[in-house]
file protein.cif (mmCIF, N, CA and C atoms)
data_upload
#
loop_
_atom_site.label_atom_id
_atom_site.label_comp_id
_atom_site.auth_asym_id
_atom_site.auth_seq_id
_atom_site.Cartn_x
_atom_site.Cartn_y
_atom_site.Cartn_z
N MET A 1 -22.36 -0.75 4.00
CA MET A 1 -22.90 -0.23 2.77
C MET A 1 -22.46 1.21 2.56
N TYR A 2 -22.54 2.01 3.63
CA TYR A 2 -22.13 3.41 3.55
C TYR A 2 -20.64 3.53 3.28
N TYR A 3 -19.85 2.75 4.01
CA TYR A 3 -18.40 2.79 3.80
C TYR A 3 -18.01 2.27 2.42
N GLN A 4 -18.74 1.28 1.92
CA GLN A 4 -18.44 0.74 0.59
C GLN A 4 -18.65 1.81 -0.47
N LYS A 5 -19.69 2.63 -0.33
CA LYS A 5 -19.95 3.72 -1.27
C LYS A 5 -18.83 4.75 -1.21
N ILE A 6 -18.39 5.08 -0.01
CA ILE A 6 -17.28 6.02 0.15
C ILE A 6 -16.03 5.44 -0.51
N TRP A 7 -15.77 4.17 -0.26
CA TRP A 7 -14.58 3.50 -0.80
C TRP A 7 -14.61 3.48 -2.32
N ASP A 8 -15.77 3.20 -2.89
CA ASP A 8 -15.89 3.15 -4.34
C ASP A 8 -15.70 4.52 -4.99
N ASP A 9 -16.04 5.58 -4.27
CA ASP A 9 -15.89 6.94 -4.79
C ASP A 9 -14.45 7.44 -4.72
N CYS A 10 -13.59 6.75 -3.99
CA CYS A 10 -12.20 7.19 -3.84
C CYS A 10 -11.38 6.76 -5.05
N SER A 11 -10.41 7.60 -5.40
CA SER A 11 -9.47 7.24 -6.46
C SER A 11 -8.47 6.22 -5.91
N GLU A 12 -7.66 5.64 -6.80
CA GLU A 12 -6.67 4.66 -6.35
C GLU A 12 -5.66 5.30 -5.39
N GLY A 13 -5.25 6.52 -5.70
CA GLY A 13 -4.31 7.22 -4.82
C GLY A 13 -4.91 7.50 -3.46
N GLU A 14 -6.18 7.88 -3.42
CA GLU A 14 -6.84 8.13 -2.14
C GLU A 14 -6.98 6.84 -1.34
N LYS A 15 -7.29 5.75 -2.02
CA LYS A 15 -7.38 4.46 -1.33
C LYS A 15 -6.04 4.08 -0.72
N LEU A 16 -4.98 4.33 -1.46
CA LEU A 16 -3.64 4.02 -0.96
C LEU A 16 -3.30 4.89 0.25
N THR A 17 -3.67 6.16 0.19
CA THR A 17 -3.43 7.07 1.32
C THR A 17 -4.20 6.61 2.55
N LEU A 18 -5.46 6.24 2.36
CA LEU A 18 -6.28 5.75 3.48
C LEU A 18 -5.67 4.47 4.06
N LEU A 19 -5.20 3.60 3.19
CA LEU A 19 -4.60 2.34 3.65
C LEU A 19 -3.33 2.60 4.46
N HIS A 20 -2.47 3.47 3.97
CA HIS A 20 -1.23 3.77 4.71
C HIS A 20 -1.54 4.37 6.07
N LEU A 21 -2.53 5.23 6.12
CA LEU A 21 -2.89 5.84 7.39
C LEU A 21 -3.49 4.81 8.34
N ALA A 22 -4.30 3.90 7.82
CA ALA A 22 -4.91 2.87 8.67
C ALA A 22 -3.87 1.88 9.18
N GLN A 23 -2.92 1.52 8.33
CA GLN A 23 -1.93 0.52 8.73
C GLN A 23 -0.84 1.11 9.63
N ASP A 24 -0.23 2.20 9.19
CA ASP A 24 0.98 2.69 9.85
C ASP A 24 0.80 4.00 10.60
N ARG A 25 -0.29 4.69 10.33
CA ARG A 25 -0.51 6.05 10.87
C ARG A 25 0.56 7.02 10.37
N LEU A 26 1.12 6.73 9.19
CA LEU A 26 2.15 7.58 8.61
C LEU A 26 1.75 8.00 7.20
N LEU A 27 1.95 9.28 6.91
CA LEU A 27 1.70 9.81 5.57
C LEU A 27 2.83 10.74 5.19
N SER A 28 3.05 10.85 3.91
CA SER A 28 4.01 11.82 3.41
C SER A 28 3.36 13.19 3.38
N PRO A 29 4.07 14.23 3.80
CA PRO A 29 3.49 15.58 3.71
C PRO A 29 3.29 16.03 2.27
N ASN A 30 3.93 15.34 1.33
CA ASN A 30 3.80 15.68 -0.09
C ASN A 30 2.68 14.90 -0.78
N ASP A 31 1.93 14.10 -0.03
CA ASP A 31 0.86 13.30 -0.62
C ASP A 31 -0.26 14.23 -1.12
N PRO A 32 -0.55 14.21 -2.42
CA PRO A 32 -1.56 15.13 -2.96
C PRO A 32 -3.00 14.74 -2.59
N ASP A 33 -3.19 13.54 -2.05
CA ASP A 33 -4.54 13.08 -1.75
C ASP A 33 -5.01 13.45 -0.35
N ILE A 34 -4.15 14.02 0.46
CA ILE A 34 -4.54 14.36 1.84
C ILE A 34 -5.59 15.45 1.86
N LYS A 35 -5.37 16.52 1.10
CA LYS A 35 -6.30 17.66 1.13
C LYS A 35 -7.70 17.28 0.69
N PRO A 36 -7.88 16.56 -0.44
CA PRO A 36 -9.25 16.16 -0.81
C PRO A 36 -9.92 15.26 0.23
N LEU A 37 -9.14 14.38 0.85
CA LEU A 37 -9.70 13.50 1.88
C LEU A 37 -10.10 14.29 3.11
N LEU A 38 -9.33 15.31 3.47
CA LEU A 38 -9.69 16.18 4.59
C LEU A 38 -10.96 16.96 4.27
N GLN A 39 -11.07 17.45 3.04
CA GLN A 39 -12.24 18.23 2.64
C GLN A 39 -13.51 17.38 2.63
N ARG A 40 -13.39 16.11 2.28
CA ARG A 40 -14.54 15.22 2.27
C ARG A 40 -14.88 14.67 3.65
N GLY A 41 -14.03 14.93 4.64
CA GLY A 41 -14.29 14.49 6.00
C GLY A 41 -13.84 13.08 6.29
N LEU A 42 -13.08 12.48 5.38
CA LEU A 42 -12.60 11.11 5.61
C LEU A 42 -11.38 11.10 6.52
N LEU A 43 -10.66 12.20 6.56
CA LEU A 43 -9.53 12.37 7.47
C LEU A 43 -9.83 13.52 8.41
N GLU A 44 -9.30 13.43 9.62
CA GLU A 44 -9.44 14.51 10.59
C GLU A 44 -8.06 14.89 11.09
N ARG A 45 -7.95 16.11 11.62
CA ARG A 45 -6.66 16.66 12.03
C ARG A 45 -6.57 16.97 13.51
N ALA A 46 -7.25 16.28 14.37
CA ALA A 46 -7.22 16.67 15.77
C ALA A 46 -6.77 15.49 16.61
N PRO A 47 -5.71 15.48 17.31
CA PRO A 47 -4.53 16.35 17.27
C PRO A 47 -3.59 16.00 16.13
N ASP A 48 -3.72 14.78 15.60
CA ASP A 48 -2.90 14.39 14.46
C ASP A 48 -3.84 13.91 13.34
N VAL A 49 -3.29 13.67 12.18
CA VAL A 49 -4.12 13.21 11.07
C VAL A 49 -4.48 11.75 11.29
N HIS A 50 -5.78 11.47 11.26
CA HIS A 50 -6.27 10.10 11.42
C HIS A 50 -7.56 9.93 10.64
N LEU A 51 -7.99 8.69 10.48
CA LEU A 51 -9.23 8.42 9.77
C LEU A 51 -10.42 8.92 10.59
N MET A 52 -11.56 9.10 9.91
CA MET A 52 -12.70 9.76 10.55
C MET A 52 -13.21 9.02 11.79
N ASN A 53 -13.11 7.68 11.82
CA ASN A 53 -13.48 6.94 13.03
C ASN A 53 -12.87 5.54 12.98
N GLU A 54 -12.99 4.83 14.06
CA GLU A 54 -12.36 3.52 14.19
C GLU A 54 -13.02 2.48 13.29
N THR A 55 -14.33 2.56 13.10
CA THR A 55 -15.01 1.58 12.25
C THR A 55 -14.61 1.76 10.79
N PHE A 56 -14.38 3.00 10.36
CA PHE A 56 -13.91 3.22 9.00
C PHE A 56 -12.49 2.69 8.83
N LYS A 57 -11.69 2.84 9.87
CA LYS A 57 -10.33 2.29 9.84
C LYS A 57 -10.38 0.77 9.67
N GLN A 58 -11.25 0.11 10.42
CA GLN A 58 -11.38 -1.34 10.30
C GLN A 58 -11.87 -1.73 8.91
N PHE A 59 -12.77 -0.93 8.34
CA PHE A 59 -13.25 -1.20 6.98
C PHE A 59 -12.11 -1.09 5.98
N VAL A 60 -11.28 -0.06 6.10
CA VAL A 60 -10.15 0.14 5.18
C VAL A 60 -9.18 -1.04 5.30
N LEU A 61 -8.89 -1.46 6.51
CA LEU A 61 -7.99 -2.60 6.71
C LEU A 61 -8.59 -3.88 6.13
N LEU A 62 -9.89 -4.03 6.24
CA LEU A 62 -10.57 -5.20 5.66
C LEU A 62 -10.48 -5.17 4.14
N GLN A 63 -10.59 -3.99 3.55
CA GLN A 63 -10.45 -3.85 2.09
C GLN A 63 -9.05 -4.25 1.65
N CYS A 64 -8.07 -3.94 2.46
CA CYS A 64 -6.69 -4.31 2.16
C CYS A 64 -6.55 -5.83 2.18
N MET A 65 -7.16 -6.46 3.18
CA MET A 65 -7.07 -7.91 3.30
C MET A 65 -7.76 -8.61 2.13
N SER A 66 -8.84 -8.02 1.64
CA SER A 66 -9.57 -8.67 0.55
C SER A 66 -8.86 -8.53 -0.78
N GLY A 67 -7.82 -7.73 -0.83
CA GLY A 67 -7.00 -7.63 -2.04
C GLY A 67 -7.38 -6.45 -2.91
N GLY A 68 -6.72 -6.35 -4.03
CA GLY A 68 -7.00 -5.27 -4.95
C GLY A 68 -6.03 -4.11 -4.84
N LEU A 69 -5.51 -3.89 -3.65
CA LEU A 69 -4.61 -2.76 -3.46
C LEU A 69 -3.15 -3.13 -3.68
N GLU A 70 -2.86 -4.42 -3.77
CA GLU A 70 -1.48 -4.83 -3.97
C GLU A 70 -0.93 -4.30 -5.29
N SER A 71 -1.74 -4.38 -6.34
CA SER A 71 -1.27 -3.90 -7.65
C SER A 71 -1.08 -2.39 -7.64
N ILE A 72 -1.94 -1.68 -6.92
CA ILE A 72 -1.80 -0.23 -6.82
C ILE A 72 -0.51 0.10 -6.07
N GLU A 73 -0.24 -0.63 -5.00
CA GLU A 73 0.97 -0.41 -4.21
C GLU A 73 2.23 -0.68 -5.03
N ILE A 74 2.21 -1.76 -5.79
CA ILE A 74 3.37 -2.11 -6.63
C ILE A 74 3.61 -1.03 -7.68
N GLU A 75 2.53 -0.56 -8.28
CA GLU A 75 2.65 0.48 -9.31
C GLU A 75 3.18 1.77 -8.71
N ALA A 76 2.72 2.10 -7.50
CA ALA A 76 3.20 3.32 -6.84
C ALA A 76 4.69 3.21 -6.52
N ARG A 77 5.15 2.03 -6.13
CA ARG A 77 6.57 1.85 -5.86
C ARG A 77 7.40 1.97 -7.12
N ARG A 78 6.88 1.46 -8.22
CA ARG A 78 7.61 1.57 -9.49
C ARG A 78 7.73 3.01 -9.94
N ALA A 79 6.73 3.82 -9.66
CA ALA A 79 6.74 5.21 -10.07
C ALA A 79 7.56 6.08 -9.12
N SER A 80 8.05 5.51 -8.05
CA SER A 80 8.82 6.27 -7.07
C SER A 80 10.15 6.74 -7.65
N PRO A 81 10.54 7.99 -7.37
CA PRO A 81 11.83 8.47 -7.86
C PRO A 81 13.00 7.69 -7.26
N TRP A 82 12.82 7.14 -6.08
CA TRP A 82 13.89 6.38 -5.45
C TRP A 82 14.24 5.15 -6.28
N GLN A 83 13.24 4.51 -6.89
CA GLN A 83 13.49 3.33 -7.71
C GLN A 83 14.39 3.66 -8.89
N ALA A 84 14.22 4.85 -9.45
CA ALA A 84 15.04 5.26 -10.59
C ALA A 84 16.46 5.58 -10.18
N LEU A 85 16.65 6.05 -8.95
CA LEU A 85 17.97 6.47 -8.49
C LEU A 85 18.74 5.39 -7.76
N LYS A 86 18.06 4.35 -7.31
CA LYS A 86 18.70 3.36 -6.45
C LYS A 86 19.88 2.66 -7.15
N ALA A 87 19.69 2.14 -8.33
CA ALA A 87 20.76 1.41 -9.02
C ALA A 87 21.95 2.31 -9.39
N PRO A 88 21.73 3.49 -9.99
CA PRO A 88 22.89 4.35 -10.29
C PRO A 88 23.67 4.78 -9.04
N LEU A 89 22.96 5.09 -7.96
CA LEU A 89 23.66 5.49 -6.74
C LEU A 89 24.47 4.34 -6.16
N LEU A 90 23.94 3.14 -6.21
CA LEU A 90 24.68 1.97 -5.73
C LEU A 90 25.94 1.74 -6.56
N ILE A 91 25.83 1.87 -7.86
CA ILE A 91 26.99 1.69 -8.74
C ILE A 91 28.05 2.75 -8.46
N ILE A 92 27.63 3.99 -8.27
CA ILE A 92 28.57 5.07 -7.96
C ILE A 92 29.26 4.80 -6.62
N PHE A 93 28.48 4.38 -5.62
CA PHE A 93 29.04 4.10 -4.30
C PHE A 93 30.08 2.99 -4.36
N ILE A 94 29.75 1.91 -5.05
CA ILE A 94 30.70 0.79 -5.19
C ILE A 94 31.93 1.23 -5.96
N GLY A 95 31.74 2.06 -6.99
CA GLY A 95 32.88 2.56 -7.77
C GLY A 95 33.81 3.41 -6.94
N VAL A 96 33.25 4.27 -6.10
CA VAL A 96 34.08 5.11 -5.23
C VAL A 96 34.85 4.25 -4.24
N LEU A 97 34.18 3.26 -3.64
CA LEU A 97 34.87 2.37 -2.71
C LEU A 97 36.01 1.61 -3.38
N LEU A 98 35.75 1.09 -4.57
CA LEU A 98 36.81 0.38 -5.31
C LEU A 98 37.97 1.31 -5.63
N PHE A 99 37.67 2.52 -6.05
CA PHE A 99 38.71 3.49 -6.34
C PHE A 99 39.57 3.75 -5.11
N LEU A 100 38.91 3.94 -3.96
CA LEU A 100 39.66 4.21 -2.73
C LEU A 100 40.49 3.00 -2.31
N PHE A 101 39.93 1.80 -2.43
CA PHE A 101 40.68 0.61 -2.07
C PHE A 101 41.91 0.42 -2.95
N LEU A 102 41.75 0.70 -4.23
CA LEU A 102 42.85 0.46 -5.17
C LEU A 102 43.92 1.55 -5.16
N THR A 103 43.55 2.76 -4.82
CA THR A 103 44.51 3.87 -4.93
C THR A 103 45.02 4.37 -3.59
N GLN A 104 44.31 4.11 -2.52
CA GLN A 104 44.69 4.65 -1.22
C GLN A 104 45.09 3.52 -0.27
N LYS A 105 46.35 3.31 -0.11
CA LYS A 105 46.86 2.22 0.74
C LYS A 105 46.40 2.39 2.19
N SER A 106 46.41 3.61 2.70
CA SER A 106 46.01 3.82 4.09
C SER A 106 44.51 3.53 4.28
N PHE A 107 43.69 3.89 3.30
CA PHE A 107 42.26 3.59 3.38
C PHE A 107 42.04 2.07 3.39
N TYR A 108 42.78 1.37 2.57
CA TYR A 108 42.68 -0.09 2.51
C TYR A 108 43.06 -0.69 3.85
N ASN A 109 44.17 -0.24 4.42
CA ASN A 109 44.64 -0.80 5.70
C ASN A 109 43.66 -0.50 6.83
N SER A 110 43.17 0.73 6.90
CA SER A 110 42.24 1.07 7.99
C SER A 110 40.91 0.33 7.80
N SER A 111 40.46 0.17 6.57
CA SER A 111 39.22 -0.57 6.32
C SER A 111 39.39 -2.03 6.69
N LEU A 112 40.52 -2.59 6.36
CA LEU A 112 40.79 -3.98 6.69
C LEU A 112 40.80 -4.18 8.20
N THR A 113 41.36 -3.23 8.92
CA THR A 113 41.39 -3.29 10.38
C THR A 113 39.98 -3.24 10.95
N ILE A 114 39.16 -2.36 10.43
CA ILE A 114 37.79 -2.22 10.93
C ILE A 114 36.97 -3.47 10.63
N VAL A 115 37.09 -4.00 9.42
CA VAL A 115 36.35 -5.21 9.05
C VAL A 115 36.77 -6.39 9.92
N THR A 116 38.06 -6.51 10.18
CA THR A 116 38.55 -7.58 11.04
C THR A 116 38.01 -7.44 12.46
N ALA A 117 38.03 -6.22 12.98
CA ALA A 117 37.51 -5.98 14.33
C ALA A 117 36.02 -6.30 14.41
N LEU A 118 35.27 -5.91 13.39
CA LEU A 118 33.83 -6.18 13.41
C LEU A 118 33.53 -7.68 13.36
N THR A 119 34.22 -8.39 12.49
CA THR A 119 33.94 -9.82 12.36
C THR A 119 34.34 -10.60 13.60
N THR A 120 35.38 -10.16 14.29
CA THR A 120 35.76 -10.88 15.51
C THR A 120 34.90 -10.49 16.70
N SER A 121 34.25 -9.33 16.64
CA SER A 121 33.42 -8.91 17.77
C SER A 121 31.99 -9.43 17.69
N ILE A 122 31.56 -9.95 16.55
CA ILE A 122 30.19 -10.45 16.42
C ILE A 122 29.90 -11.59 17.39
N PRO A 123 30.74 -12.63 17.48
CA PRO A 123 30.46 -13.69 18.47
C PRO A 123 30.44 -13.17 19.91
N ALA A 124 31.31 -12.23 20.21
CA ALA A 124 31.33 -11.67 21.57
C ALA A 124 30.03 -10.91 21.85
N PHE A 125 29.50 -10.22 20.86
CA PHE A 125 28.25 -9.48 21.01
C PHE A 125 27.10 -10.44 21.31
N PHE A 126 27.03 -11.54 20.57
CA PHE A 126 25.95 -12.50 20.80
C PHE A 126 26.11 -13.21 22.15
N LYS A 127 27.32 -13.42 22.57
CA LYS A 127 27.55 -14.02 23.89
C LYS A 127 27.09 -13.06 24.98
N LEU A 128 27.35 -11.77 24.78
CA LEU A 128 26.91 -10.76 25.73
C LEU A 128 25.38 -10.71 25.78
N LEU A 129 24.74 -10.79 24.63
CA LEU A 129 23.27 -10.82 24.60
C LEU A 129 22.74 -12.05 25.31
N GLY A 130 23.44 -13.17 25.19
CA GLY A 130 23.03 -14.40 25.85
C GLY A 130 23.03 -14.29 27.36
N LEU A 131 23.87 -13.42 27.91
CA LEU A 131 23.90 -13.23 29.35
C LEU A 131 22.62 -12.59 29.87
N PHE A 132 21.95 -11.80 29.02
CA PHE A 132 20.75 -11.08 29.45
C PHE A 132 19.47 -11.87 29.21
N GLN A 133 19.56 -12.98 28.50
CA GLN A 133 18.38 -13.78 28.26
C GLN A 133 18.07 -14.62 29.48
N SER A 134 16.76 -14.78 29.70
CA SER A 134 16.37 -15.57 30.86
C SER A 134 16.45 -17.05 30.53
N ASP A 135 16.62 -17.86 31.56
CA ASP A 135 16.71 -19.30 31.38
C ASP A 135 15.35 -19.95 31.50
N GLY A 136 14.26 -19.19 31.40
CA GLY A 136 12.91 -19.72 31.54
C GLY A 136 12.57 -20.69 30.41
N ALA A 137 13.18 -20.58 29.28
CA ALA A 137 12.84 -21.43 28.13
C ALA A 137 13.53 -22.80 28.23
N SER A 138 14.63 -22.88 28.98
CA SER A 138 15.33 -24.16 29.08
C SER A 138 14.70 -25.02 30.16
N PRO A 139 14.60 -26.34 29.92
CA PRO A 139 13.98 -27.22 30.91
C PRO A 139 14.90 -27.40 32.12
N LYS A 140 14.29 -27.46 33.28
CA LYS A 140 15.05 -27.63 34.53
C LYS A 140 15.04 -29.11 34.90
N ALA A 141 16.16 -29.60 35.41
CA ALA A 141 16.26 -31.01 35.77
C ALA A 141 15.88 -31.24 37.22
#
call {"tool": "encode", "arguments": {"input": "protein.cif", "output": "structure tokens"}}
result
Amino acid sequence: MYYQKIWDDCSEGEKLTLLHLAQDRLLSPNDPDIKPLLQRGLLERAPDVHLMNETFKQFVLLQCMSGGLESIEIEARRASPWQALKAPLLIIFIGVLLFLFLTQKSFYNSSLTIVTALTTSIPAFFKLLGLFQSDGASPKA
């Protein structure tokens, strides 16, 4: 009941901050909701930033499971500056690569060599990994 009142008093951004801290123990230093949460005593700083106690952490995780925060999370991702820059940067990167492939013969040749080496080394890599796996999963006769 007490935690529900605290949760209801939090803004959507604060709820998202609490959720990220409960799930991953990671926060952005630029998160504007950290200071108000610290002032209200919902977050503590000793030795690192964490929720006020373990039972509140479990409550926050339970709120996540019950839903409601998915739409907030999706909206926060849409508002992210990275989302606006991702497509133009990808187009520029592909354009530069195409330009180099078409105009620079040596770049094309060296890239082709590297791609060939990588594709032929993939089976060898997995075979090497297979040497380190135990045979406990295979049935013995």
call {"tool": "atom_distance", "arguments": {"input": "protein.cif", "atom1": "atom N of Tyr108 in chain A", "atom2": "CA of Leu89 in chain A"}}
result
21.7 Å
call {"tool": "atom_distance", "arguments": {"input": "protein.cif", "atom1": "CA of Arg25 in chain A", "atom2": "atom N of Val49 in chain A"}}
result
8.2 Å
call {"tool": "select_by_dssp", "arguments": {"input": "protein.cif", "residues": "chain A", "states": "strand (DSSP E)", "output": "ChimeraX atom specification"}}
result
/A:43-44,50-51
call {"tool": "resolve_selection", "arguments": {"input": "protein.cif", "expression": "the PyMOL selection byres (((chain A and resi 27 and name CA) around 12) and name CA)", "output": "VMD selection string"}}
result
chain A and resid 14 16 to 26 28 to 34 43 48 to 51
call {"tool": "select_by_dssp", "arguments": {"input": "protein.cif", "residues": "range 40-88 of chain A", "states": "helix (DSSP H, G or I)", "output": "PyMOL selection string"}}
result
chain A and resi 54-65+69-78+81-88
call {"tool": "atom_distance", "arguments": {"input": "protein.cif", "atom1": "atom N of Gln83 in chain A", "atom2": "CA of Gly95 in chain A"}}
result
19.8 Å
call {"tool": "residues_around", "arguments": {"input": "protein.cif", "residues": "Asn53 in chain A", "least_positions_apart": "3", "cutoff": "8 Å", "atoms": "only N, CA and C atoms", "output": "PyMOL selection string"}}
result
chain A and resi 41-44+50+56-59
